[in-house]
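Novice: The following file, query-v2.txt, comprises compact mmCIF, C-alpha atoms:
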```txt
# COMPACT_ATOMS: atom_id res chain seq x y z
CA MET C 1 9.10 -53.78 -30.81
CA LEU C 2 9.62 -51.44 -27.85
CA LEU C 3 11.40 -54.05 -25.70
CA ARG C 4 13.88 -54.82 -28.48
CA LYS C 5 14.68 -51.12 -28.95
CA ILE C 6 15.22 -50.64 -25.20
CA VAL C 7 17.59 -53.61 -24.97
CA ARG C 8 19.60 -52.41 -27.98
CA ARG C 9 19.87 -48.92 -26.47
CA PHE C 10 21.29 -50.31 -23.22
CA ILE C 11 23.85 -52.41 -25.11
CA ARG C 12 24.97 -49.27 -26.93
CA ILE C 13 25.54 -47.64 -23.55
CA TYR C 14 27.72 -50.56 -22.41
CA TYR C 15 29.55 -50.73 -25.77
CA PRO C 16 29.39 -47.15 -27.12
CA VAL C 17 31.51 -47.90 -30.22
CA ILE C 18 30.14 -50.60 -32.54
CA HIS C 19 31.94 -50.42 -35.87
CA ILE C 20 30.59 -52.49 -38.78
CA SER C 21 32.83 -53.45 -41.71
CA HIS C 22 31.12 -54.08 -45.08
CA PRO C 23 27.56 -53.15 -44.05
CA GLU C 24 26.64 -53.25 -47.75
CA ARG C 25 26.71 -57.07 -47.50
CA LEU C 26 23.74 -57.07 -45.11
CA PRO C 27 20.41 -57.87 -46.85
CA LYS C 28 17.81 -55.28 -45.90
CA LYS C 29 14.90 -57.67 -46.46
CA GLY C 30 14.06 -61.23 -47.39
CA ALA C 31 15.10 -64.61 -45.98
CA THR C 32 18.38 -64.07 -44.12
CA LEU C 33 20.16 -66.44 -41.75
CA PHE C 34 22.75 -64.67 -39.62
CA ILE C 35 25.51 -66.85 -38.16
CA ALA C 36 28.26 -65.65 -35.82
CA ASN C 37 30.92 -66.65 -33.33
CA HIS C 38 29.66 -66.74 -29.76
CA SER C 39 31.88 -65.21 -27.07
CA ASN C 40 29.55 -62.99 -25.05
CA SER C 41 26.46 -64.94 -24.00
CA LEU C 42 23.13 -63.14 -24.58
CA ILE C 43 24.90 -59.92 -25.57
CA ASP C 44 25.80 -61.43 -28.97
CA PRO C 45 22.19 -61.73 -30.27
CA VAL C 46 21.57 -58.06 -29.45
CA VAL C 47 24.78 -57.08 -31.27
CA ILE C 48 23.58 -58.96 -34.35
CA GLY C 49 20.21 -57.19 -34.10
CA ILE C 50 21.97 -53.83 -33.97
CA THR C 51 24.20 -54.81 -36.91
CA SER C 52 21.37 -56.01 -39.14
CA ASN C 53 18.84 -53.42 -37.96
CA ARG C 54 16.20 -56.12 -38.28
CA PRO C 55 14.10 -58.12 -35.73
CA VAL C 56 16.21 -61.31 -35.81
CA ARG C 57 14.80 -64.49 -34.22
CA PHE C 58 17.50 -66.58 -32.55
CA LEU C 59 17.86 -70.16 -31.51
CA ALA C 60 18.89 -70.27 -27.85
CA LYS C 61 19.49 -73.19 -25.51
CA ALA C 62 16.20 -74.42 -24.07
CA PRO C 63 17.10 -74.19 -20.32
CA LEU C 64 17.28 -70.38 -20.61
CA PHE C 65 13.55 -70.24 -21.38
CA LYS C 66 12.82 -71.63 -17.89
CA THR C 67 14.73 -68.80 -16.21
CA PRO C 68 12.46 -66.32 -14.38
CA VAL C 69 12.05 -62.97 -16.18
CA LEU C 70 14.73 -63.81 -18.76
CA GLY C 71 12.64 -66.65 -20.19
CA TYR C 72 9.66 -64.34 -20.59
CA VAL C 73 11.79 -61.72 -22.35
CA MET C 74 13.26 -64.32 -24.72
CA LYS C 75 9.82 -65.57 -25.70
CA ALA C 76 8.53 -62.02 -26.09
CA ILE C 77 11.21 -61.15 -28.67
CA GLY C 78 10.57 -64.36 -30.66
CA MET C 79 13.56 -66.53 -29.73
CA ILE C 80 13.36 -70.25 -30.52
CA PRO C 81 14.42 -72.93 -27.96
CA ALA C 82 17.19 -75.28 -29.12
CA TYR C 83 17.44 -78.66 -27.37
CA ARG C 84 21.11 -79.60 -27.15
CA GLY C 85 22.28 -83.06 -26.15
CA GLN C 86 24.54 -81.60 -23.46
CA ASP C 87 21.51 -79.95 -21.79
CA ASP C 88 19.08 -82.84 -22.16
CA LYS C 89 20.37 -86.44 -22.07
CA SER C 90 16.99 -87.97 -22.88
CA SER C 91 16.34 -89.75 -26.16
CA SER C 92 13.85 -87.08 -27.18
CA SER C 93 16.48 -84.30 -27.31
CA VAL C 94 17.51 -85.15 -30.90
CA ARG C 95 13.90 -85.13 -32.10
CA ARG C 96 13.15 -81.86 -30.33
CA ASN C 97 16.31 -80.30 -31.74
CA VAL C 98 15.26 -81.25 -35.28
CA GLU C 99 11.88 -79.66 -34.58
CA SER C 100 13.60 -76.45 -33.48
CA LEU C 101 15.70 -76.35 -36.65
CA ASN C 102 12.56 -76.94 -38.73
CA ILE C 103 10.74 -74.08 -36.98
CA ALA C 104 13.72 -71.81 -37.69
CA GLY C 105 13.68 -72.95 -41.33
CA GLU C 106 9.96 -72.20 -41.60
CA ASN C 107 10.49 -68.69 -40.22
CA LEU C 108 13.31 -68.19 -42.69
CA ALA C 109 11.18 -69.41 -45.59
CA ARG C 110 8.58 -66.75 -44.72
CA GLY C 111 11.25 -64.09 -45.24
CA LEU C 112 11.93 -63.53 -41.52
CA PRO C 113 15.54 -63.00 -40.40
CA VAL C 114 16.85 -65.82 -38.19
CA GLY C 115 20.07 -66.11 -36.18
CA ILE C 116 22.12 -69.03 -34.93
CA PHE C 117 25.51 -69.53 -33.31
CA PRO C 118 26.84 -72.63 -35.10
CA GLU C 119 29.48 -73.40 -32.43
CA GLY C 120 26.57 -74.31 -30.15
CA LYS C 121 27.98 -72.62 -27.05
CA SER C 122 29.52 -69.43 -25.73
CA HIS C 123 33.20 -69.44 -24.73
CA ASP C 124 36.30 -67.31 -24.03
CA LEU C 125 38.70 -68.92 -26.49
CA VAL C 126 40.54 -66.95 -29.19
CA HIS C 127 39.51 -69.82 -31.39
CA MET C 128 36.53 -70.88 -33.48
CA GLU C 129 35.04 -74.08 -32.10
CA GLN C 130 33.80 -76.74 -34.53
CA VAL C 131 30.92 -75.39 -36.59
CA LYS C 132 27.92 -77.71 -36.46
CA THR C 133 25.50 -78.43 -39.29
CA GLY C 134 22.54 -76.55 -37.75
CA ALA C 135 22.89 -73.49 -39.98
CA ALA C 136 23.06 -75.60 -43.14
CA ARG C 137 20.01 -77.63 -42.04
CA ILE C 138 17.96 -74.47 -41.39
CA ALA C 139 18.92 -73.05 -44.77
CA GLN C 140 18.12 -76.33 -46.53
CA ARG C 141 14.68 -76.46 -44.90
CA ALA C 142 13.96 -72.88 -45.97
CA VAL C 143 15.01 -73.62 -49.55
CA GLU C 144 12.76 -76.70 -49.64
CA LEU C 145 9.72 -74.76 -48.39
CA SER C 146 10.29 -71.86 -50.80
CA ASP C 147 11.03 -74.21 -53.74
CA GLY C 148 14.27 -72.28 -54.34
CA ASP C 149 12.38 -69.45 -56.03
CA ALA C 150 13.87 -66.68 -53.86
CA PRO C 151 17.33 -66.13 -52.35
CA VAL C 152 17.96 -67.55 -48.89
CA TRP C 153 20.97 -65.62 -47.66
CA ILE C 154 23.41 -66.92 -45.05
CA VAL C 155 25.48 -64.04 -43.65
CA PRO C 156 28.53 -64.87 -41.47
CA LEU C 157 29.32 -62.17 -38.88
CA GLY C 158 32.53 -61.83 -36.91
CA ILE C 159 31.90 -60.29 -33.47
CA ASN C 160 35.18 -58.99 -32.07
CA PHE C 161 35.36 -57.29 -28.67
CA GLU C 162 38.21 -55.11 -27.48
CA ASP C 163 37.48 -56.31 -23.93
CA LYS C 164 34.05 -57.89 -23.69
CA SER C 165 33.78 -57.72 -19.90
CA ARG C 166 34.80 -54.07 -19.59
CA PHE C 167 32.20 -51.28 -19.52
CA ARG C 168 32.57 -48.76 -22.39
CA SER C 169 34.98 -50.92 -24.42
CA ARG C 170 34.82 -51.10 -28.21
CA LEU C 171 33.35 -53.65 -30.59
CA TRP C 172 34.05 -54.51 -34.22
CA VAL C 173 31.58 -56.49 -36.32
CA SER C 174 32.99 -57.74 -39.63
CA VAL C 175 30.51 -58.97 -42.26
CA ALA C 176 31.76 -61.80 -44.49
CA GLU C 177 30.60 -62.47 -48.04
CA PRO C 178 27.03 -63.88 -47.90
CA VAL C 179 26.07 -67.25 -49.41
CA ASP C 180 22.80 -67.76 -51.30
CA ALA C 181 21.67 -71.17 -50.02
CA ALA C 182 19.04 -71.44 -52.78
CA VAL C 183 21.74 -71.31 -55.44
CA TRP C 184 24.06 -73.54 -53.41
CA PHE C 185 21.59 -76.41 -53.00
CA LYS C 186 20.47 -76.08 -56.62
CA GLU C 187 24.07 -76.53 -57.77
CA HIS C 188 24.39 -79.59 -55.50
CA ASP C 189 21.03 -81.09 -56.44
CA GLY C 190 20.90 -84.84 -55.84
CA ASN C 191 23.46 -84.97 -53.06
CA ALA C 192 21.96 -83.15 -50.07
CA LYS C 193 24.34 -84.63 -47.48
CA GLN C 194 27.44 -83.61 -49.38
CA ALA C 195 25.95 -80.16 -50.05
CA MET C 196 25.26 -79.69 -46.34
CA ARG C 197 28.74 -80.88 -45.35
CA GLU C 198 30.52 -78.63 -47.86
CA LEU C 199 28.33 -75.66 -46.96
CA THR C 200 29.17 -76.14 -43.27
CA ASN C 201 32.89 -76.19 -44.12
CA MET C 202 32.55 -73.03 -46.17
CA LEU C 203 30.70 -71.23 -43.38
CA ASP C 204 33.43 -72.34 -40.96
CA GLU C 205 36.10 -70.79 -43.21
CA ARG C 206 34.18 -67.55 -43.70
CA LEU C 207 33.57 -67.13 -39.99
CA LYS C 208 37.27 -67.65 -39.24
CA SER C 209 38.10 -65.02 -41.86
CA VAL C 210 36.22 -62.30 -39.94
CA ILE C 211 37.14 -63.07 -36.31
CA VAL C 212 40.29 -63.08 -34.21
CA HIS C 213 41.09 -66.78 -34.54
CA LEU C 214 44.14 -68.86 -33.64
CA ASP C 215 44.51 -72.34 -35.14
CA ASP C 216 46.83 -73.33 -32.28
CA ALA C 217 45.58 -72.40 -28.79
CA ARG C 218 49.17 -72.47 -27.46
CA TRP C 219 49.71 -69.05 -29.01
CA GLU C 220 46.88 -67.43 -27.06
CA PRO C 221 48.96 -66.37 -23.99
CA LEU C 222 51.42 -64.61 -26.35
CA LEU C 223 48.83 -62.88 -28.52
CA ASN C 224 48.53 -59.83 -26.27
CA ASN C 225 52.33 -59.52 -26.07
CA LEU C 226 52.64 -59.67 -29.85
CA GLU C 227 49.86 -57.12 -30.10
CA TRP C 228 52.10 -54.54 -28.41
CA LEU C 229 55.30 -55.63 -30.16
CA ALA C 230 54.00 -55.81 -33.74
CA PRO C 231 54.24 -52.71 -35.95
CA ASP C 232 51.08 -50.72 -36.51
CA PHE C 233 50.54 -50.74 -40.28
CA LYS C 234 48.56 -47.81 -41.60
CA ASP C 235 45.86 -49.20 -43.87
CA LYS C 236 43.37 -46.89 -45.49
CA GLU C 237 40.69 -49.52 -44.93
CA LYS C 238 41.37 -49.64 -41.19
CA SER C 239 38.99 -47.84 -38.87
CA ALA C 240 40.88 -45.84 -36.23
CA ILE C 241 38.22 -46.36 -33.57
CA VAL C 242 38.66 -50.14 -33.55
CA SER C 243 42.21 -50.35 -34.94
CA ARG C 244 43.46 -52.25 -31.90
CA ILE C 245 40.98 -55.10 -32.51
CA GLN C 246 41.73 -55.16 -36.24
CA ARG C 247 45.43 -55.23 -35.49
CA ARG C 248 44.92 -58.18 -33.13
CA LYS C 249 43.18 -60.06 -35.94
CA ASN C 250 46.01 -59.34 -38.40
CA ILE C 251 48.52 -60.70 -35.87
CA ALA C 252 46.43 -63.85 -35.25
CA ASP C 253 46.16 -64.48 -39.00
CA ALA C 254 49.91 -64.03 -39.41
CA ILE C 255 50.57 -66.45 -36.53
CA ASN C 256 48.40 -69.09 -38.22
CA TYR C 257 50.24 -68.61 -41.51
CA PHE C 258 53.80 -68.85 -40.18
CA GLU C 259 52.90 -71.68 -37.78
CA SER C 260 51.79 -73.75 -40.78
CA GLN C 261 54.43 -72.60 -43.31
CA ASP C 262 57.55 -72.15 -41.19
CA PRO C 263 56.97 -73.58 -37.68
CA SER C 264 60.66 -73.49 -36.63
CA ARG C 265 60.84 -69.77 -37.38
CA ALA C 266 57.58 -69.17 -35.56
CA GLU C 267 58.85 -71.08 -32.52
CA ALA C 268 62.07 -69.04 -32.51
CA ILE C 269 60.09 -65.80 -32.35
CA THR C 270 57.89 -67.30 -29.65
CA THR C 271 60.93 -68.10 -27.53
CA LYS C 272 62.34 -64.58 -27.89
CA VAL C 273 59.02 -62.97 -26.97
CA ALA C 274 58.58 -65.26 -23.95
CA GLU C 275 62.12 -64.54 -22.70
CA HIS C 276 61.66 -60.78 -23.18
CA ASN C 277 58.37 -60.87 -21.32
CA LYS C 278 59.98 -62.81 -18.47
CA ALA C 279 62.73 -60.19 -18.21
CA LEU C 280 60.13 -57.41 -18.10
CA GLU C 281 58.10 -59.21 -15.44
CA LYS C 282 61.24 -59.55 -13.33
CA GLU C 283 61.58 -55.75 -13.38
CA ARG C 284 57.78 -55.40 -13.02
CA ILE C 285 57.48 -53.56 -16.34
CA ARG C 286 54.48 -53.99 -18.64
CA ILE C 287 55.19 -55.00 -22.20
CA ASN C 288 53.09 -52.03 -23.39
CA SER C 289 54.82 -49.56 -21.06
CA PRO C 290 55.54 -46.11 -22.58
CA LEU C 291 58.96 -46.47 -20.92
CA LEU C 292 59.99 -48.96 -23.64
CA LYS C 293 58.65 -46.94 -26.55
CA TYR C 294 59.59 -43.39 -25.59
CA SER C 295 62.50 -41.68 -23.87
CA GLY C 296 63.82 -38.26 -22.95
CA MET C 297 61.67 -35.21 -23.61
CA VAL C 298 58.95 -37.14 -25.48
CA LEU C 299 58.37 -39.44 -22.51
CA ALA C 300 58.44 -36.50 -20.08
CA LEU C 301 55.87 -34.56 -22.12
CA ARG C 302 53.55 -37.56 -22.36
CA GLN C 303 53.71 -38.15 -18.64
CA THR C 304 53.17 -34.44 -17.92
CA PHE C 305 50.08 -34.41 -20.12
CA LYS C 306 48.67 -37.47 -18.32
CA ILE C 307 49.36 -35.96 -14.93
CA LEU C 308 47.60 -32.74 -15.96
CA ARG C 309 44.54 -34.83 -16.78
CA LEU C 310 44.55 -36.06 -13.19
CA ILE C 311 44.10 -32.51 -11.93
CA PHE C 312 40.41 -32.79 -12.78
CA GLY C 313 40.02 -35.52 -10.22
CA PHE C 314 37.57 -33.82 -7.87
CA PRO C 315 34.47 -34.36 -10.08
CA ALA C 316 35.57 -37.98 -10.57
CA LEU C 317 35.91 -38.45 -6.81
CA ILE C 318 32.42 -37.02 -6.27
CA GLY C 319 31.03 -39.22 -9.08
CA THR C 320 32.70 -42.30 -7.59
CA LEU C 321 31.30 -41.67 -4.12
CA LEU C 322 27.80 -41.01 -5.49
CA HIS C 323 27.87 -44.32 -7.39
CA LEU C 324 29.67 -46.42 -4.79
CA ILE C 325 26.58 -48.18 -3.38
CA PRO C 326 25.08 -49.43 -6.71
CA PHE C 327 28.59 -50.27 -7.96
CA LEU C 328 29.25 -52.51 -4.95
CA LEU C 329 25.80 -54.10 -5.19
CA VAL C 330 26.42 -55.05 -8.83
CA ARG C 331 29.92 -56.39 -8.13
CA ILE C 332 28.67 -58.46 -5.19
CA THR C 333 25.48 -59.78 -6.82
CA SER C 334 26.40 -60.50 -10.45
CA PRO C 335 29.23 -63.01 -9.76
CA LYS C 336 26.75 -65.27 -7.98
CA PHE C 337 25.01 -65.88 -11.33
CA GLN C 338 27.93 -65.73 -13.76
CA LEU C 339 29.21 -68.90 -15.39
CA PRO C 340 32.96 -69.69 -15.25
CA GLY C 341 35.00 -67.47 -17.55
CA LYS C 342 34.14 -64.08 -19.04
CA ALA C 343 31.31 -65.06 -21.39
CA THR C 344 28.50 -63.91 -19.08
CA ILE C 345 30.18 -61.11 -17.09
CA SER C 346 28.93 -58.17 -19.16
CA PHE C 347 25.44 -59.68 -19.47
CA TYR C 348 24.88 -60.04 -15.72
CA ARG C 349 26.51 -56.73 -14.91
CA LEU C 350 24.05 -55.15 -17.32
CA ILE C 351 21.08 -57.13 -15.99
CA PHE C 352 21.79 -56.16 -12.38
CA GLY C 353 23.24 -52.75 -13.13
CA LEU C 354 20.12 -51.38 -14.79
CA PRO C 355 17.75 -51.87 -11.82
CA PHE C 356 20.37 -51.11 -9.16
CA TYR C 357 21.55 -47.87 -10.73
CA GLY C 358 17.99 -46.93 -11.75
CA CYS C 359 16.65 -47.42 -8.22
CA TRP C 360 19.64 -45.58 -6.78
CA TYR C 361 18.95 -42.51 -8.96
CA VAL C 362 15.32 -42.56 -7.83
CA VAL C 363 16.40 -42.74 -4.16
CA VAL C 364 18.84 -39.84 -4.62
CA TRP C 365 16.12 -37.80 -6.35
CA PHE C 366 13.66 -38.32 -3.46
CA LEU C 367 16.31 -37.47 -0.86
CA LEU C 368 17.31 -34.27 -2.62
CA LYS C 369 13.69 -33.30 -3.14
CA HIS C 370 12.84 -34.01 0.49
CA TYR C 371 15.77 -32.16 2.08
CA PHE C 372 16.16 -29.41 -0.52
CA ASP C 373 13.72 -28.69 -3.36
CA TYR C 374 12.57 -29.89 -6.76
CA LYS C 375 15.14 -27.87 -8.72
CA ILE C 376 18.07 -29.27 -6.73
CA ALA C 377 16.68 -32.79 -7.22
CA MET C 378 16.99 -32.37 -11.00
CA VAL C 379 20.76 -32.68 -10.52
CA VAL C 380 20.12 -36.43 -10.72
CA ALA C 381 19.86 -36.04 -14.51
CA VAL C 382 23.63 -35.47 -14.75
CA LEU C 383 24.62 -38.39 -12.50
CA PRO C 384 24.91 -41.00 -15.31
CA PHE C 385 27.24 -38.70 -17.26
CA LEU C 386 29.27 -38.01 -14.13
CA GLY C 387 29.54 -41.75 -13.57
CA ILE C 388 30.88 -42.34 -17.10
CA TYR C 389 33.36 -39.48 -16.66
CA SER C 390 34.55 -41.01 -13.37
CA PHE C 391 35.01 -44.40 -15.03
CA HIS C 392 37.26 -43.01 -17.78
CA TYR C 393 39.10 -40.84 -15.29
CA TRP C 394 40.14 -43.81 -13.16
CA LEU C 395 41.27 -45.72 -16.27
CA ASN C 396 43.57 -42.80 -17.08
CA ALA C 397 44.69 -42.52 -13.45
CA THR C 398 45.60 -46.22 -13.35
CA GLU C 399 47.73 -45.82 -16.49
CA VAL C 400 49.53 -42.78 -15.04
CA PHE C 401 50.27 -44.46 -11.71
CA GLN C 402 51.60 -47.59 -13.45
CA SER C 403 53.81 -45.55 -15.80
CA LEU C 404 55.24 -43.43 -12.97
CA ASN C 405 55.87 -46.52 -10.89
CA GLU C 406 57.80 -48.12 -13.77
CA GLU C 407 59.85 -44.97 -14.30
CA ILE C 408 60.80 -44.70 -10.65
CA LYS C 409 61.93 -48.34 -10.53
CA LEU C 410 64.43 -47.91 -13.39
CA MET C 411 65.30 -44.26 -12.81
CA PHE C 412 68.63 -45.20 -11.22
CA ASN C 413 69.30 -48.24 -13.42
CA VAL C 414 69.71 -46.67 -16.83
CA LYS C 415 71.90 -49.52 -18.06
CA ARG C 416 69.20 -52.12 -17.43
CA LEU C 417 66.53 -49.89 -18.97
CA ASN C 418 68.60 -49.47 -22.14
CA GLN C 419 69.09 -53.25 -22.34
CA LEU C 420 65.34 -53.84 -22.16
CA ARG C 421 64.69 -51.14 -24.76
CA GLU C 422 67.27 -52.68 -27.11
CA GLU C 423 65.73 -56.16 -26.69
CA ASN C 424 62.32 -54.65 -27.37
CA ARG C 425 63.52 -52.93 -30.56
CA GLU C 426 65.22 -56.09 -31.87
CA ILE C 427 62.11 -58.21 -31.39
CA LYS C 428 59.96 -55.55 -33.04
CA LYS C 429 62.29 -55.57 -36.07
CA LEU C 430 62.01 -59.36 -36.39
CA ILE C 431 58.23 -59.19 -36.12
CA GLN C 432 58.09 -56.37 -38.65
CA ILE C 433 60.01 -58.51 -41.17
CA LEU C 434 57.47 -61.30 -40.69
CA GLY C 435 54.65 -58.78 -40.97
CA ASP C 436 56.00 -57.41 -44.26
CA GLU C 437 56.30 -60.94 -45.66
CA TYR C 438 52.76 -61.75 -44.61
CA ARG C 439 51.36 -58.55 -46.12
CA SER C 440 53.15 -59.28 -49.39
CA ALA C 441 51.77 -62.81 -49.48
CA PHE C 442 48.19 -61.80 -48.57
CA PRO C 443 47.54 -58.13 -49.41
CA ASP C 444 43.80 -58.79 -49.48
CA LYS C 445 43.89 -59.76 -45.79
CA PHE C 446 44.30 -56.10 -44.92
CA THR C 447 41.13 -55.03 -46.67
CA LEU C 448 38.86 -55.01 -43.67
```
Translate this structure into structure tokens?
Specialist:
Amino acid sequence: MLLRKIVRRFIRIYYPVIHISHPERLPKKGATLFIANHSNSLIDPVVIGITSNRPVRFLAKAPLFKTPVLGYVMKAIGMIPAYRGQDDKSSSSVRRNVESLNIAGENLARGLPVGIFPEGKSHDLVHMEQVKTGAARIAQRAVELSDGDAPVWIVPLGINFEDKSRFRSRLWVSVAEPVDAAVWFKEHDGNAKQAMRELTNMLDERLKSVIVHLDDARWEPLLNNLEWLAPDFKDKEKSAIVSRIQRRKNIADAINYFESQDPSRAEAITTKVAEHNKALEKERIRINSPLLKYSGMVLALRQTFKILRLIFGFPALIGTLLHLIPFLLVRITSPKFQLPGKATISFYRLIFGLPFYGCWYVVVWFLLKHYFDYKIAMVVAVLPFLGIYSFHYWLNATEVFQSLNEEIKLMFNVKRLNQLREENREIKKLIQILGDEYRSAFPDKFTL
């Protein structure tokens, strides 16, 4: 469908790098139920569509179908309304929800790909919320209608964003081992409730195995700190373009392991990291600052290289000024519709950005054509690329300014800088020991 292709193209502009691990596990045809974690609102269904390269029909909360424009689009691409108790307190919500699950099961039985987010809501947590039985019920219904003659695949997908709210950030989709629901329910024949309960538990485990998940939410504030302190293991299975996200997952898995096996040791490391971070904050130094990792000539060369990149700032300045009006319109308008947290930021920036930037390019084209000529007006074709260049330029500029600021602060306090570097090295050694132990205990965890 044309609309589906257009939407997927725009998502690829917002997230230019979408890396898929184990694409061979994705069924190319037949009854397939895709399940995934849900951290990025209506962006997630499009990501699953891109991953599967199939026209997936999703269950989405019913109130969205009443939204102007969006509701029409959702119906047009075949989405199915799900009636959740938290959206509808009436007694009919349970019955209507069962009907929705049955419709999804009927679509699945006909060999159509269906998608569902078993957590039942979108959120910002580095944590998998309780998986509900909806996926198992849909699969069971499909198996009943097809008499178990053909496979009914359930494919868990882990959607992991580098920074879901940031334009041009990276995305890693990890495909877990599929489950054939037809075989599963046949093996559990005679005890449907137990089969459904055990299947739900299995799907919960498989989803957690392919996402960045923390069993204990208390660790979440420290995850980013550990991400910069932990050693970067070189795994042949690791993809360089999304290595930061994969590394974050390895760290989260290791945290879960040591928190359950040796909590006192885990707490000791936590205390050291927290104290080190507090000392850095006192000096206004970032935990990922190049100042802690490099010194002498290496640090000077890195900073020189970054500064040289800033020399090409004039095109970025022009690009920024040319895009200032639509940029401000998006930043002013989209927050009025966003829900609390980050789950809907990228969606509404995309929804408002497309018409605002599109209309702006048309206005610029008419102005150039009116005051100059047709050939000059064609310059508008390069504006989107100039805008992307400007975006990346200012990211680099921000990094350079922060690094220089940190250097200047400790330039005349070498003793304090050396103390912080020594603390940083000691903590990294402790974390590396834990990392080596974890890798030895679970070598398969690093096959991504």
Novice: Might you pull out every residue within 12 Å of Ala182 in chain C, with all atoms listed in the file counted and same-chain residues fewer than 4 positions away left off, and present them as a PDB file with C-alpha atoms, in the frame of the given file?
Specialist:
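File written: part36.pdb
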```
ATOM      1  CA  ALA C  31      15.100 -64.610 -45.980  1.00  0.00           C
ATOM      2  CA  THR C  32      18.380 -64.070 -44.120  1.00  0.00           C
ATOM      3  CA  ALA C 109      11.180 -69.410 -45.590  1.00  0.00           C
ATOM      4  CA  ALA C 136      23.060 -75.600 -43.140  1.00  0.00           C
ATOM      5  CA  ILE C 138      17.960 -74.470 -41.390  1.00  0.00           C
ATOM      6  CA  ALA C 139      18.920 -73.050 -44.770  1.00  0.00           C
ATOM      7  CA  GLN C 140      18.120 -76.330 -46.530  1.00  0.00           C
ATOM      8  CA  ARG C 141      14.680 -76.460 -44.900  1.00  0.00           C
ATOM      9  CA  ALA C 142      13.960 -72.880 -45.970  1.00  0.00           C
ATOM     10  CA  VAL C 143      15.010 -73.620 -49.550  1.00  0.00           C
ATOM     11  CA  GLU C 144      12.760 -76.700 -49.640  1.00  0.00           C
ATOM     12  CA  LEU C 145       9.720 -74.760 -48.390  1.00  0.00           C
ATOM     13  CA  SER C 146      10.290 -71.860 -50.800  1.00  0.00           C
ATOM     14  CA  ASP C 147      11.030 -74.210 -53.740  1.00  0.00           C
ATOM     15  CA  GLY C 148      14.270 -72.280 -54.340  1.00  0.00           C
ATOM     16  CA  ASP C 149      12.380 -69.450 -56.030  1.00  0.00           C
ATOM     17  CA  ALA C 150      13.870 -66.680 -53.860  1.00  0.00           C
ATOM     18  CA  PRO C 151      17.330 -66.130 -52.350  1.00  0.00           C
ATOM     19  CA  VAL C 152      17.960 -67.550 -48.890  1.00  0.00           C
ATOM     20  CA  TRP C 153      20.970 -65.620 -47.660  1.00  0.00           C
ATOM     21  CA  ILE C 154      23.410 -66.920 -45.050  1.00  0.00           C
ATOM     22  CA  LYS C 186      20.470 -76.080 -56.620  1.00  0.00           C
ATOM     23  CA  GLU C 187      24.070 -76.530 -57.770  1.00  0.00           C
ATOM     24  CA  HIS C 188      24.390 -79.590 -55.500  1.00  0.00           C
ATOM     25  CA  ASP C 189      21.030 -81.090 -56.440  1.00  0.00           C
ATOM     26  CA  ALA C 195      25.950 -80.160 -50.050  1.00  0.00           C
ATOM     27  CA  LEU C 199      28.330 -75.660 -46.960  1.00  0.00           C
TER      28      LEU C 199
END
```
Novice: Tell me which protein, DNA and RNA residues are within 12 Å of Phe258 in chain C, counting only C-alpha atoms, leaving out same-chain ones fewer than 3 positions away, and put them as number ranges by chain.
Specialist: C: 214-216, 219, 251-255, 261-270, 431, 434-435, 437-438, 441
Novice: Choose the residue, out of C:Lys375, C:Arg309, C:Arg57, C:Lys429, that has the smallest atom-to-atom separation from Asn396 in chain C; count all atoms listed in the file.
Specialist: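 That would be C:Arg309, the residue with the smallest distance to Asn396 in chain C.
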Novice: Using all atoms of range 269-279 of chain C listed in the file and a margin of 6 Å per side, can you give the axis-aligned box centre and edge lengths in Å to one decimal, as AutoDock Vina command-line options?
Specialist:
```
--center_x 60.3 --center_y -64.1 --center_z -25.3 --size_x 16.8 --size_y 19.9 --size_z 26.1
```
Novice: Got a sec to check which residues sit within 7 Å of (26.0, -58.8, -38.6), counting only C-alpha atoms, and write them as a PDB file with C-alpha atoms, keeping the file's coordinate frame?
Specialist:
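Dumped everything to part-v1.pdb:
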```pdb
ATOM      1  CA  PHE C  34      22.750 -64.670 -39.620  1.00  0.00           C
ATOM      2  CA  ILE C  48      23.580 -58.960 -34.350  1.00  0.00           C
ATOM      3  CA  THR C  51      24.200 -54.810 -36.910  1.00  0.00           C
ATOM      4  CA  SER C  52      21.370 -56.010 -39.140  1.00  0.00           C
ATOM      5  CA  LEU C 157      29.320 -62.170 -38.880  1.00  0.00           C
ATOM      6  CA  VAL C 173      31.580 -56.490 -36.320  1.00  0.00           C
ATOM      7  CA  VAL C 175      30.510 -58.970 -42.260  1.00  0.00           C
TER       8      VAL C 175
END
```
Novice: Might you pull out every residue within 12 Å of range 352-359 of chain C, with all atoms listed in the file counted and same-chain residues fewer than 2 positions away left off, and present them as an MDAnalysis selection string?
Specialist: chainID C and resid 6:7 9:11 13:14 167 322:338 345:350 361:366 380:381 383:384 387
Novice: Nearest residue to Ala192 in chain C out of C:Arg137, C:Lys415, C:Arg286, C:Lys132, using all atoms listed in the file?
Specialist: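 Under the stated criterion, the closest residue is C:Arg137.
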Novice: For a test of reading the model, state the distance in Å between CA of Asn201 in chain C and CA of Val242 in chain C, rounded to one decimal.
Specialist: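 Separating CA of Asn201 in chain C from CA of Val242 in chain C is a distance of 28.7 Å.
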Novice: Determine the nearest neighbour of Pro443 in chain C from the options C:Ser122, C:Asn250, C:Ser100, C:Ser174, counting only C-alpha atoms.
Specialist: C:Asn250
Novice: I'd like the contact shell of Gly341 in chain C - 10 Å cut-off, only C-alpha atoms, skipping same-chain residues fewer than 5 positions apart - returned as a list in words.
Specialist: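 The neighbour list is His123, Asp124 and Leu125 of chain C.
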